[in-house]
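Working notes, beginning with the structure itself.
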Amino acid sequence: MEAAKRNVEKLRLQEAREQNIPWRKWGPYLSERQWGTVREDYSQAGNAWDYFSHDQSRSRAYRWGEDGLAGICDDRQQLCFALALWNGVDPILKERLFGLTNSEGNHGEDVKEYYFYLDSTPTHSYMKYLYKYPQLAYPYADLVNTNRRRNRLELEYELLDTGVFDGDRYFDIFVEYAKASPEEILIKISVWNRGAETASLHILPTLWFRNTWSWFAEPSPKPFIKQLNDQTIAASHPELGERYLLYCDRAVPFLFTENETNRERIFNLPNKSPYVKDAINDYIVHGKHEAINPEKFGTKAAAHYVLEIPANGVEEIQLCLSNRLLDAASFGDKFETGLQTRSLEADEFYNAIIPVNVSEDERNVMRQAFAGMLWTKQFYYYPVYDWLKDEILPPDCQQRQPTRNREWFHLESADILSMPDKWEYPWFAAWDLVFHCGVLAVVDIDFAKEQLRLMTNQVYLHPNGQIPAYEWNFSDVNPPVHCTATWQVYLIDKAMRGGVGDRLFLESMFHKLLMNFTWWVNRKDACGNNVFEGGFLGLDNIGVFDRSAPLPTGGTLEQADGTSWMAMFCLDMLAIALELALLNPAYEELACKFYEHFMYIAAAMDRIGENEDELWDEENGFFYDVLRFPNGSSRRLKVRSMVGLIPLFASAVFDTDVLEELPIFRKRVTYFTQKFAPYLQNISNPAQPGVKGRRLLSPVNQDKLRRILEKMLDESEFLSDYGIRALSRYHKDHPYIFSVGSNVYRVDYEPAESSTGLFGGNSNWRGPIWMPVNALLIQSLRKMYSYYGDEFKVECPTGSGNQMTLWEVANEISHRLTKIFLRNEQSCRAVYGSTEKFQTDPHWKDLILFYEYFHGDNGAGIGASHQTGWTGIVARLIQANATLTPQDVLEKGFLCVSSSSFVRS
């Protein structure tokens, strides 16, 4: 207990940073779905979901990664460990999570399992995971067939709906990992029988090597796993090391095979070895004793435990993965003491982060949010050139004809990356990653900074300056938010370090972001008028058209959100340039450049004297996209959506002491303000002082701000009981309709999944609530409050007569968002809607799923169920609600550029 008081986890982070002690070497870096990914797609049509299926995954060796259940691996994913389970009636071993593909689900792909990330420290010195496994046969066919029959207007058919959890006939399988040292991991598996009768369960802790030897014309060294005695197997790898040993707490049978494709089953061709990837499955489920290697040797091995678990009882297994010889005394009380020590250290680490004045329920949500963020790391292996030029192709691929990412041949990823969701999105998404970093920075600033660096290094950043979007199409366009995250992470780090910022990080990021900014300016401003087209920009499903595809009208679509994102990009680059200029005058001129560029963009959003084709609609008091036709005419697309709220994101506040410290910048700002005074008429006047003489840069002046907030805070429009909707509820009774010839396009408010198939896949949103854009709105309001102060008030909710400051409005939205996860007066959580099991069952009700987005009217979770990535922002919201005060914001500023040595983050 004394060790925990010293915050040992912080010491481990320090040792990893300063002494290169490999505390991070082993972690939850195993994917939860490798099948159905672009990397494993060798089809001619590029249909990754249908080419490599879940049914093939138990029999077919992966080329570019591995997946597993509750698994871990080293940071190069050479040696992997995970669980396999069999309840005695399933048609296959449970070795990985099951879910529906795009063609199988009535609302796109979706995992159909219940699993929870309960705890993790940043170095993964302690981790805890829960998997709920039915005792009845898992209903694979029922889930596929029933969902296929349902249409887009019907609800998804979930695992709970099948009845396999009725009567509590299931196992709660808890898996805990605790590092005794960087290379020695204690593993405890606790199996609870929640049913009323004794039940048996086969548990197969499995150790295997990623197949790195089958894909080259020249033979490569092959690792091996062999049995040492009736409690131990040893693994040897030419790169990882001569010996890793998996110790079991008792004598058990070990089953050996090779991590090789069962060519006979998959391709109807002879096998190269009689021992193939699915041999252990065939041995356990079908009794094929000849399937496993009797010589106790291979590249995949499992310990075979058969447990009889009494009703409402528990059985435990203790294992240890180590690089050294151990003895039997390592188990029992000594093992349990080591595990409990790491658990207490995890508690102590989070006690220093989670505010003392939050409720137990809030603490639980925060802890699981952080755990999900840390569990959702993955070794992501995608060397695109090698992928394009693969030497040995699968038998069903006669010639390599990749349909994706050919222009990204320079990208060579082999890194630990933060994933949006290791089943639904087991690949990095650049703009998701930005939001992850804002949360990760609170618990692991080094990892957060490294994630931002990776996306802008020479291996990821395109030579033309584009940041790769995501695996399905690196060339797609995500909102340019990388700079926002860089500035915020820098400020968080600066506050943690007593006001001393990591200028090397900031400066190196600034130069790479300059390349990205140039790409945006050159590629996404077709008319050269400082109004941007963008493309997808993450908001594909709340517009009239698919913005990633050519417009049915021809011409271009000038986007209010694309232009606002670029205005925000300018301001964040300006903030960084000013911060760097305080110690290096060379950056003053770049600060001038970004100041002026912002002014041009902000002014272009509401051009003086041109009231028919600019983004701002004076009559409605809202920003809209503008459709420009080939003949030069234009039309506003008057859809009230998040597109019109994003201009609020483009705001920056800086103290007057910055102007005093930077004379070149002050002189240029004064000159520009005088010479181009007309540009200032419709935007916030940067010369107008606010609280403590601060200056505000924003395309939204007071009048525009009031008019936008009037709609945003209207409960019949954007303001839900659970945050800000992506689309105004106004369009429920007033759909927006646009006709092109005989084709009619319309936008209706839908609070959950969209009924339209226009955008395909899992792009299901119209009106739901997104956590990341809500968080940006809250941040922007707090930032503007540091300028406007208590004098500026608006009605919230609209029509209520209740006047609030921007601080109070931000708090109101934040509290509505956190209500999604917290118990209400009836002890129910909005996130689980009418799912009774999650609301009342003692073994379910405190488990939290972090969905991709939320029902616009009732707050129920929708989409990917483990999108802790950006939905984990709720932890930051709870933290800020408990610690940040209006006095802090007014006194010290909020994300404010200042020459002061301390900047509150």
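Ordered as shown in the structure tokens, chains take letters A, B, and onward, while each chain numbers its residues from 1 and ligands are numbered from 1 in the order shown.
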Exercise for the section: Taking the chain letters and numbering used in this document, name the residues of stretch 355-550 of chain A that DSSP puts in strand (DSSP E), as a list in words. Expected result: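 Going through stretch 355-550 of chain A, the strand (DSSP E) residues come out as Lys377, Gln378, Phe379, Tyr380, Tyr381, Tyr382, Pro383, Glu412, Ser413, Ala414, Asp415, Ile416, Leu417 and Ser418 of chain A.
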Those residues with C-alpha atoms, as a PDB file, in the first residue's frame please?
ATOM      1  CA  LYS A 377      -4.817   0.898 -28.792  1.00  0.00           C
ATOM      2  CA  GLN A 378      -3.719  -1.329 -31.640  1.00  0.00           C
ATOM      3  CA  PHE A 379      -0.588  -2.314 -33.459  1.00  0.00           C
ATOM      4  CA  TYR A 380      -1.469  -1.028 -36.903  1.00  0.00           C
ATOM      5  CA  TYR A 381       0.601  -2.618 -39.641  1.00  0.00           C
ATOM      6  CA  TYR A 382       0.043  -1.250 -43.126  1.00  0.00           C
ATOM      7  CA  PRO A 383       3.195  -0.744 -45.217  1.00  0.00           C
ATOM      8  CA  GLU A 412       4.400   2.654 -43.927  1.00  0.00           C
ATOM      9  CA  SER A 413       2.614   2.211 -40.651  1.00  0.00           C
ATOM     10  CA  ALA A 414       3.910  -0.211 -38.032  1.00  0.00           C
ATOM     11  CA  ASP A 415       2.949   1.655 -34.880  1.00  0.00           C
ATOM     12  CA  ILE A 416       0.784   1.554 -31.791  1.00  0.00           C
ATOM     13  CA  LEU A 417      -2.151   3.813 -32.656  1.00  0.00           C
ATOM     14  CA  SER A 418      -5.289   4.931 -30.876  1.00  0.00           C
TER      15      SER A 418
END
Selection: 7 Å around A:Lys638, only C-alpha atoms, excl. self and same-chain fewer than 2 positions, as a short mmCIF file (atom, residue, chain, number, x, y, z; two decimals) with N, CA and C atoms, in the first residue's frame:
data_model
loop_
_atom_site.label_atom_id
_atom_site.label_comp_id
_atom_site.auth_asym_id
_atom_site.auth_seq_id
_atom_site.Cartn_x
_atom_site.Cartn_y
_atom_site.Cartn_z
N TYR A 624 -25.33 28.75 -44.07
CA TYR A 624 -25.72 27.61 -44.91
C TYR A 624 -24.65 27.35 -45.97
N ARG A 636 -28.49 29.04 -51.90
CA ARG A 636 -28.24 28.54 -50.55
C ARG A 636 -29.06 27.28 -50.30
N ARG A 640 -30.86 23.45 -41.77
CA ARG A 640 -30.38 23.88 -40.45
C ARG A 640 -29.68 22.68 -39.80
#
Using only C-alpha atoms, which residues sit within 9 Å of stretch 656-661 of chain A once same-chain residues fewer than 6 positions away are excluded, as a PDB file with C-alpha atoms, in the first residue's frame?
ATOM      1  CA  LEU A 578       2.284  33.824 -31.387  1.00  0.00           C
ATOM      2  CA  GLU A 579       3.381  31.408 -28.661  1.00  0.00           C
ATOM      3  CA  LEU A 582       7.323  35.188 -27.757  1.00  0.00           C
ATOM      4  CA  LYS A 667       2.162  47.046 -36.218  1.00  0.00           C
ATOM      5  CA  PRO A 689     -11.404  45.137 -26.101  1.00  0.00           C
ATOM      6  CA  LYS A 692      -9.219  42.494 -19.099  1.00  0.00           C
ATOM      7  CA  GLY A 693      -8.616  44.159 -22.473  1.00  0.00           C
ATOM      8  CA  ARG A 694      -8.593  40.833 -24.313  1.00  0.00           C
ATOM      9  CA  ARG A 695      -9.143  40.644 -28.056  1.00  0.00           C
ATOM     10  CA  VAL A 897      -2.820  33.170 -26.013  1.00  0.00           C
ATOM     11  CA  SER A 898      -0.859  35.045 -23.372  1.00  0.00           C
ATOM     12  CA  SER A 899       2.714  35.969 -22.560  1.00  0.00           C
ATOM     13  CA  SER A 900       2.006  34.891 -18.973  1.00  0.00           C
TER      14      SER A 900
END
Practice task
Please provide as JSON, numbers by chain all residues within 12 Å of A:Ala141, with the sequence filter that same-chain residues fewer than 4 positions apart are discarded (counting only C-alpha atoms).
Solution key: {"A": [55, 90, 91, 98, 99, 100, 104, 112, 137, 145, 146, 147, 148, 159, 162]}
Any chance you can output those residues with C-alpha atoms as a PDB file, in the first residue's frame?
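Here's the written file result34.pdb:
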ATOM      1  CA  ASP A  55     -16.367 -17.545 -40.988  1.00  0.00           C
ATOM      2  CA  ASP A  90     -21.402 -23.495 -29.830  1.00  0.00           C
ATOM      3  CA  PRO A  91     -20.599 -24.536 -33.415  1.00  0.00           C
ATOM      4  CA  PHE A  98     -18.633 -11.635 -33.853  1.00  0.00           C
ATOM      5  CA  GLY A  99     -20.553  -8.965 -35.689  1.00  0.00           C
ATOM      6  CA  LEU A 100     -22.438  -8.172 -38.856  1.00  0.00           C
ATOM      7  CA  GLU A 104     -25.781  -8.223 -43.206  1.00  0.00           C
ATOM      8  CA  LYS A 112     -22.988  -8.353 -31.579  1.00  0.00           C
ATOM      9  CA  ALA A 137     -25.475 -21.778 -28.296  1.00  0.00           C
ATOM     10  CA  ASN A 145     -30.833 -13.699 -40.873  1.00  0.00           C
ATOM     11  CA  THR A 146     -33.078 -11.541 -38.684  1.00  0.00           C
ATOM     12  CA  ASN A 147     -31.087  -8.354 -39.296  1.00  0.00           C
ATOM     13  CA  ARG A 148     -30.989  -9.035 -43.028  1.00  0.00           C
ATOM     14  CA  LEU A 159     -27.851 -10.218 -28.903  1.00  0.00           C
ATOM     15  CA  THR A 162     -32.271 -13.379 -29.077  1.00  0.00           C
TER      16      THR A 162
END
Problem - Residue among A:Asp282, A:Asp625, A:Asp733, A:Glu316 lying closest to A:Ser641, counting only C-alpha atoms - result: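 Among A:Asp282, A:Asp625, A:Asp733, A:Glu316, it is A:Asp625 that comes nearest to A:Ser641.
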Completion exercise
Computed gap from atom CA of A:Ser728 to atom CA of A:Ile873 is 23.0 Å
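If only C-alpha atoms are the atoms counted, then among A:Leu637, A:Gln77, A:Tyr600, A:Glu753 the closest residue to A:Pro678 is A:Tyr600.
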Practice task
Record the distance separating atom CA of A:Tyr832 and atom CA of A:Phe854, expressed in Å with one decimal.
Solution key: 10.1 Å
Exercise for the section: Determine the nearest neighbour of A:Ala328 from the options A:Arg250, A:His482, A:Arg668, A:Arg243, counting only C-alpha atoms. Expected result: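 Distance minimum relative to A:Ala328 lands on A:Arg250.
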Problem - Contact residues around A:Phe510 with only C-alpha atoms at 8 Å, ignoring same-chain residues under 6 positions, as number ranges by chain - result: A: 573, 576-577
Nearby residues (only C-alpha atoms) at most 9 Å from A:Thr871, same-chain spacing under 3 positions excluded, as a PDB file with N, CA and C atoms, in the first residue's frame:
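Saved as out.pdb:
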ATOM      1  N   ALA A 369     -14.283   5.384 -19.041  1.00  0.00           N
ATOM      2  CA  ALA A 369     -13.941   6.137 -20.246  1.00  0.00           C
ATOM      3  C   ALA A 369     -12.427   6.121 -20.473  1.00  0.00           C
ATOM      4  N   PHE A 435      -9.478  13.936 -31.301  1.00  0.00           N
ATOM      5  CA  PHE A 435     -10.303  13.990 -30.098  1.00  0.00           C
ATOM      6  C   PHE A 435      -9.807  13.007 -29.047  1.00  0.00           C
ATOM      7  N   HIS A 436      -9.275  11.873 -29.485  1.00  0.00           N
ATOM      8  CA  HIS A 436      -8.684  10.938 -28.535  1.00  0.00           C
ATOM      9  C   HIS A 436      -7.568  11.619 -27.750  1.00  0.00           C
ATOM     10  N   TRP A 770     -23.586  14.117 -31.451  1.00  0.00           N
ATOM     11  CA  TRP A 770     -22.176  13.703 -31.518  1.00  0.00           C
ATOM     12  C   TRP A 770     -21.435  14.344 -30.361  1.00  0.00           C
ATOM     13  N   MET A 771     -20.668  13.558 -29.647  1.00  0.00           N
ATOM     14  CA  MET A 771     -19.902  14.085 -28.527  1.00  0.00           C
ATOM     15  C   MET A 771     -18.794  15.050 -28.975  1.00  0.00           C
ATOM     16  N   PRO A 772     -18.015  14.756 -30.030  1.00  0.00           N
ATOM     17  CA  PRO A 772     -16.883  15.647 -30.350  1.00  0.00           C
ATOM     18  C   PRO A 772     -17.280  17.053 -30.759  1.00  0.00           C
ATOM     19  N   PHE A 850     -19.686   3.196 -24.597  1.00  0.00           N
ATOM     20  CA  PHE A 850     -19.490   4.549 -25.134  1.00  0.00           C
ATOM     21  C   PHE A 850     -19.784   4.503 -26.637  1.00  0.00           C
ATOM     22  N   TYR A 851     -21.001   4.854 -26.972  1.00  0.00           N
ATOM     23  CA  TYR A 851     -21.457   4.711 -28.353  1.00  0.00           C
ATOM     24  C   TYR A 851     -20.895   5.812 -29.251  1.00  0.00           C
ATOM     25  N   GLU A 852     -21.053   5.585 -30.537  1.00  0.00           N
ATOM     26  CA  GLU A 852     -20.539   6.511 -31.553  1.00  0.00           C
ATOM     27  C   GLU A 852     -21.306   7.834 -31.537  1.00  0.00           C
ATOM     28  N   TYR A 853     -22.616   7.755 -31.401  1.00  0.00           N
ATOM     29  CA  TYR A 853     -23.462   8.947 -31.300  1.00  0.00           C
ATOM     30  C   TYR A 853     -24.732   8.551 -30.565  1.00  0.00           C
ATOM     31  N   HIS A 866     -18.414   0.795 -28.932  1.00  0.00           N
ATOM     32  CA  HIS A 866     -17.171   0.962 -28.168  1.00  0.00           C
ATOM     33  C   HIS A 866     -16.335   2.108 -28.723  1.00  0.00           C
ATOM     34  N   GLN A 867     -17.028   3.179 -29.136  1.00  0.00           N
ATOM     35  CA  GLN A 867     -16.347   4.347 -29.699  1.00  0.00           C
ATOM     36  C   GLN A 867     -15.834   5.222 -28.556  1.00  0.00           C
ATOM     37  N   THR A 868     -15.112   4.570 -27.624  1.00  0.00           N
ATOM     38  CA  THR A 868     -14.575   5.331 -26.495  1.00  0.00           C
ATOM     39  C   THR A 868     -13.696   6.451 -27.010  1.00  0.00           C
ATOM     40  N   VAL A 874     -16.390  12.483 -22.645  1.00  0.00           N
ATOM     41  CA  VAL A 874     -17.258  12.693 -21.480  1.00  0.00           C
ATOM     42  C   VAL A 874     -16.434  12.763 -20.199  1.00  0.00           C
ATOM     43  N   ALA A 875     -15.297  12.075 -20.143  1.00  0.00           N
ATOM     44  CA  ALA A 875     -14.444  12.146 -18.952  1.00  0.00           C
ATOM     45  C   ALA A 875     -13.915  13.556 -18.750  1.00  0.00           C
TER      46      ALA A 875
END
Problem - Residue nearest A:Gln779 among A:Ser651, A:Asn620, A:Ser322, A:Asn351 (counting only C-alpha atoms) - result: A:Ser651
From a backbone DSSP assignment, name each residue in stretch 288-403 of chain A labelled helix (DSSP H, G or I), as an mmCIF file with N, CA and C atoms, in the first residue's frame.
data_model
loop_
_atom_site.group_PDB
_atom_site.id
_atom_site.type_symbol
_atom_site.label_atom_id
_atom_site.label_comp_id
_atom_site.auth_asym_id
_atom_site.auth_seq_id
_atom_site.Cartn_x
_atom_site.Cartn_y
_atom_site.Cartn_z
ATOM 1 N N HIS A 289 -8.797 -35.487 -32.943
ATOM 2 C CA HIS A 289 -7.532 -35.550 -32.219
ATOM 3 C C HIS A 289 -6.338 -35.457 -33.154
ATOM 4 N N GLU A 290 -6.523 -35.899 -34.399
ATOM 5 C CA GLU A 290 -5.419 -35.856 -35.357
ATOM 6 C C GLU A 290 -5.109 -34.427 -35.822
ATOM 7 N N ALA A 291 -5.973 -33.466 -35.499
ATOM 8 C CA ALA A 291 -5.784 -32.090 -35.972
ATOM 9 C C ALA A 291 -4.595 -31.412 -35.303
ATOM 10 N N ALA A 328 6.922 -22.796 -8.835
ATOM 11 C CA ALA A 328 5.521 -22.943 -8.441
ATOM 12 C C ALA A 328 5.098 -21.921 -7.404
ATOM 13 N N ALA A 329 6.075 -21.393 -6.632
ATOM 14 C CA ALA A 329 5.747 -20.410 -5.585
ATOM 15 C C ALA A 329 5.280 -19.086 -6.179
ATOM 16 N N SER A 330 5.410 -18.923 -7.489
ATOM 17 C CA SER A 330 4.995 -17.681 -8.135
ATOM 18 C C SER A 330 3.475 -17.537 -8.153
ATOM 19 N N ASP A 333 -0.771 -17.062 -3.181
ATOM 20 C CA ASP A 333 -0.806 -15.791 -2.465
ATOM 21 C C ASP A 333 0.144 -14.765 -3.065
ATOM 22 N N LYS A 334 1.328 -15.204 -3.473
ATOM 23 C CA LYS A 334 2.295 -14.265 -4.055
ATOM 24 C C LYS A 334 1.736 -13.630 -5.331
ATOM 25 N N PHE A 335 1.116 -14.437 -6.158
ATOM 26 C CA PHE A 335 0.484 -13.948 -7.394
ATOM 27 C C PHE A 335 -0.600 -12.934 -7.055
ATOM 28 N N GLU A 336 -1.478 -13.293 -6.110
ATOM 29 C CA GLU A 336 -2.599 -12.428 -5.761
ATOM 30 C C GLU A 336 -2.114 -11.105 -5.181
ATOM 31 N N THR A 337 -1.052 -11.151 -4.392
ATOM 32 C CA THR A 337 -0.498 -9.915 -3.820
ATOM 33 C C THR A 337 0.030 -8.999 -4.918
ATOM 34 N N GLY A 338 0.734 -9.586 -5.889
ATOM 35 C CA GLY A 338 1.239 -8.784 -7.005
ATOM 36 C C GLY A 338 0.129 -8.145 -7.805
ATOM 37 N N LEU A 339 -0.944 -8.907 -8.037
ATOM 38 C CA LEU A 339 -2.087 -8.388 -8.792
ATOM 39 C C LEU A 339 -2.765 -7.252 -8.027
ATOM 40 N N GLN A 340 -2.995 -7.435 -6.748
ATOM 41 C CA GLN A 340 -3.663 -6.422 -5.943
ATOM 42 C C GLN A 340 -2.827 -5.157 -5.808
ATOM 43 N N THR A 341 -1.514 -5.326 -5.755
ATOM 44 C CA THR A 341 -0.641 -4.146 -5.679
ATOM 45 C C THR A 341 -0.811 -3.276 -6.913
ATOM 46 N N ARG A 342 -0.842 -3.901 -8.081
ATOM 47 C CA ARG A 342 -1.002 -3.125 -9.321
ATOM 48 C C ARG A 342 -2.397 -2.498 -9.388
ATOM 49 N N SER A 343 -3.392 -3.188 -8.883
ATOM 50 C CA SER A 343 -4.744 -2.626 -8.871
ATOM 51 C C SER A 343 -4.808 -1.396 -7.975
ATOM 52 N N LEU A 344 -4.170 -1.464 -6.809
ATOM 53 C CA LEU A 344 -4.141 -0.315 -5.899
ATOM 54 C C LEU A 344 -3.367 0.847 -6.507
ATOM 55 N N GLU A 345 -2.306 0.536 -7.232
ATOM 56 C CA GLU A 345 -1.538 1.601 -7.896
ATOM 57 C C GLU A 345 -2.378 2.281 -8.969
ATOM 58 N N ALA A 346 -3.211 1.504 -9.656
ATOM 59 C CA ALA A 346 -4.126 2.096 -10.644
ATOM 60 C C ALA A 346 -5.111 3.036 -9.956
ATOM 61 N N ASP A 347 -5.639 2.606 -8.808
ATOM 62 C CA ASP A 347 -6.550 3.476 -8.051
ATOM 63 C C ASP A 347 -5.863 4.781 -7.664
ATOM 64 N N GLU A 348 -4.640 4.673 -7.181
ATOM 65 C CA GLU A 348 -3.917 5.864 -6.741
ATOM 66 C C GLU A 348 -3.638 6.807 -7.914
ATOM 67 N N PHE A 349 -3.313 6.232 -9.055
ATOM 68 C CA PHE A 349 -3.062 7.052 -10.247
ATOM 69 C C PHE A 349 -4.312 7.855 -10.614
ATOM 70 N N TYR A 350 -5.463 7.206 -10.619
ATOM 71 C CA TYR A 350 -6.683 7.906 -11.024
ATOM 72 C C TYR A 350 -7.232 8.810 -9.918
ATOM 73 N N ASN A 351 -6.921 8.503 -8.667
ATOM 74 C CA ASN A 351 -7.327 9.401 -7.592
ATOM 75 C C ASN A 351 -6.680 10.776 -7.740
ATOM 76 N N GLU A 360 -19.836 9.167 -7.055
ATOM 77 C CA GLU A 360 -19.320 7.829 -7.342
ATOM 78 C C GLU A 360 -19.729 7.388 -8.746
ATOM 79 N N ASP A 361 -20.930 7.779 -9.144
ATOM 80 C CA ASP A 361 -21.389 7.425 -10.488
ATOM 81 C C ASP A 361 -20.544 8.124 -11.543
ATOM 82 N N GLU A 362 -20.252 9.402 -11.335
ATOM 83 C CA GLU A 362 -19.394 10.133 -12.274
ATOM 84 C C GLU A 362 -17.987 9.529 -12.302
ATOM 85 N N ARG A 363 -17.489 9.166 -11.136
ATOM 86 C CA ARG A 363 -16.167 8.549 -11.056
ATOM 87 C C ARG A 363 -16.128 7.241 -11.853
ATOM 88 N N ASN A 364 -17.188 6.462 -11.742
ATOM 89 C CA ASN A 364 -17.274 5.201 -12.471
ATOM 90 C C ASN A 364 -17.259 5.432 -13.979
ATOM 91 N N VAL A 365 -18.025 6.420 -14.430
ATOM 92 C CA VAL A 365 -18.060 6.728 -15.868
ATOM 93 C C VAL A 365 -16.690 7.208 -16.343
ATOM 94 N N MET A 366 -16.062 8.101 -15.587
ATOM 95 C CA MET A 366 -14.743 8.597 -15.974
ATOM 96 C C MET A 366 -13.722 7.465 -16.044
ATOM 97 N N ARG A 367 -13.733 6.610 -15.033
ATOM 98 C CA ARG A 367 -12.745 5.533 -14.973
ATOM 99 C C ARG A 367 -12.893 4.593 -16.167
ATOM 100 N N GLN A 368 -14.126 4.260 -16.519
ATOM 101 C CA GLN A 368 -14.326 3.375 -17.666
ATOM 102 C C GLN A 368 -14.050 4.083 -18.988
ATOM 103 N N ALA A 369 -14.283 5.384 -19.041
ATOM 104 C CA ALA A 369 -13.941 6.137 -20.246
ATOM 105 C C ALA A 369 -12.427 6.121 -20.473
ATOM 106 N N PHE A 370 -11.665 6.382 -19.419
ATOM 107 C CA PHE A 370 -10.209 6.330 -19.541
ATOM 108 C C PHE A 370 -9.753 4.913 -19.881
ATOM 109 N N ALA A 371 -10.366 3.916 -19.255
ATOM 110 C CA ALA A 371 -9.996 2.525 -19.540
ATOM 111 C C ALA A 371 -10.230 2.196 -21.010
ATOM 112 N N GLY A 372 -11.381 2.618 -21.529
ATOM 113 C CA GLY A 372 -11.672 2.360 -22.933
ATOM 114 C C GLY A 372 -10.684 3.032 -23.860
ATOM 115 N N MET A 373 -10.305 4.268 -23.531
ATOM 116 C CA MET A 373 -9.308 4.971 -24.340
ATOM 117 C C MET A 373 -8.003 4.186 -24.389
ATOM 118 N N LEU A 374 -7.588 3.638 -23.253
ATOM 119 C CA LEU A 374 -6.294 2.968 -23.177
ATOM 120 C C LEU A 374 -6.341 1.549 -23.721
ATOM 121 N N TRP A 375 -7.468 0.861 -23.585
ATOM 122 C CA TRP A 375 -7.608 -0.466 -24.183
ATOM 123 C C TRP A 375 -7.699 -0.391 -25.707
ATOM 124 N N VAL A 384 2.118 0.322 -47.114
ATOM 125 C CA VAL A 384 1.286 0.314 -48.321
ATOM 126 C C VAL A 384 2.060 -0.175 -49.545
ATOM 127 N N TYR A 385 3.322 0.204 -49.673
ATOM 128 C CA TYR A 385 4.086 -0.243 -50.842
ATOM 129 C C TYR A 385 4.189 -1.768 -50.855
ATOM 130 N N ASP A 386 4.527 -2.353 -49.705
ATOM 131 C CA ASP A 386 4.620 -3.815 -49.633
ATOM 132 C C ASP A 386 3.261 -4.455 -49.860
ATOM 133 N N TRP A 387 2.223 -3.813 -49.386
ATOM 134 C CA TRP A 387 0.861 -4.307 -49.582
ATOM 135 C C TRP A 387 0.478 -4.297 -51.066
ATOM 136 N N LEU A 388 0.893 -3.236 -51.757
ATOM 137 C CA LEU A 388 0.614 -3.138 -53.189
ATOM 138 C C LEU A 388 1.399 -4.163 -54.001
#
Which residues of stretch 453-526 of chain A sit at most 10 Å from stretch 442-445 of chain A, using only C-alpha atoms? Give each one's shortest atom pair and distance in Å (one decimal place), in chain and ascending residue order, as a Markdown table.
| residue | atom | partner | partner_atom | distance |
| --- | --- | --- | --- | --- |
| A:Val489 | CA | A:Ile445 | CA | 7.6 |
| A:Tyr490 | CA | A:Ile445 | CA | 9.2 |
| A:Ile492 | CA | A:Val442 | CA | 7.6 |
| A:Asp493 | CA | A:Ile445 | CA | 6.7 |
| A:Met496 | CA | A:Val442 | CA | 9.2 |
Problem - Pairwise distance for atom CA of A:Lys272 and atom CA of A:Arg96, rounded to one decimal in Å - result: 24.9 Å
Problem - A:Leu83 environment, 8 Å, only C-alpha atoms, sequence neighbours closer than 6 positions dropped, as a list in words - result: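 The neighbour list is Gly68, Leu69, Ala70, Gly71, Glu95, Ile203, Leu204, Pro205 and Thr206 of chain A.
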Practice task
Pick out the closest residue to A:Glu750 from this set: A:Pro310, A:Gly856, A:Gly528, A:Pro842. Count only C-alpha atoms.
Solution key: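 Closest residue, counting only C-alpha atoms: A:Gly856.
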Stretch 188-216 of chain A residues near stretch 163-181 of chain A within 12 Å, closest pair each, using only C-alpha atoms, as JSON lines:
{"residue": "A:Lys188", "atom": "CA", "partner": "A:Glu176", "partner_atom": "CA", "distance": 5.1}
{"residue": "A:Ile189", "atom": "CA", "partner": "A:Val175", "partner_atom": "CA", "distance": 4.7}
{"residue": "A:Ser190", "atom": "CA", "partner": "A:Phe174", "partner_atom": "CA", "distance": 5.1}
{"residue": "A:Val191", "atom": "CA", "partner": "A:Ile173", "partner_atom": "CA", "distance": 4.6}
{"residue": "A:Trp192", "atom": "CA", "partner": "A:Asp172", "partner_atom": "CA", "distance": 5.0}
{"residue": "A:Asn193", "atom": "CA", "partner": "A:Phe171", "partner_atom": "CA", "distance": 4.8}
{"residue": "A:Arg194", "atom": "CA", "partner": "A:Asp168", "partner_atom": "CA", "distance": 5.6}
{"residue": "A:Gly195", "atom": "CA", "partner": "A:Arg169", "partner_atom": "CA", "distance": 4.4}
{"residue": "A:Ala196", "atom": "CA", "partner": "A:Arg169", "partner_atom": "CA", "distance": 7.5}
{"residue": "A:Glu197", "atom": "CA", "partner": "A:Arg169", "partner_atom": "CA", "distance": 8.4}
{"residue": "A:Thr198", "atom": "CA", "partner": "A:Arg169", "partner_atom": "CA", "distance": 10.0}
{"residue": "A:Ala199", "atom": "CA", "partner": "A:Arg169", "partner_atom": "CA", "distance": 8.9}
{"residue": "A:Ser200", "atom": "CA", "partner": "A:Phe171", "partner_atom": "CA", "distance": 9.9}
{"residue": "A:Leu201", "atom": "CA", "partner": "A:Phe171", "partner_atom": "CA", "distance": 8.7}
{"residue": "A:His202", "atom": "CA", "partner": "A:Phe171", "partner_atom": "CA", "distance": 11.6}
{"residue": "A:Ile203", "atom": "CA", "partner": "A:Ile173", "partner_atom": "CA", "distance": 10.0}
{"residue": "A:Pro205", "atom": "CA", "partner": "A:Val175", "partner_atom": "CA", "distance": 10.8}
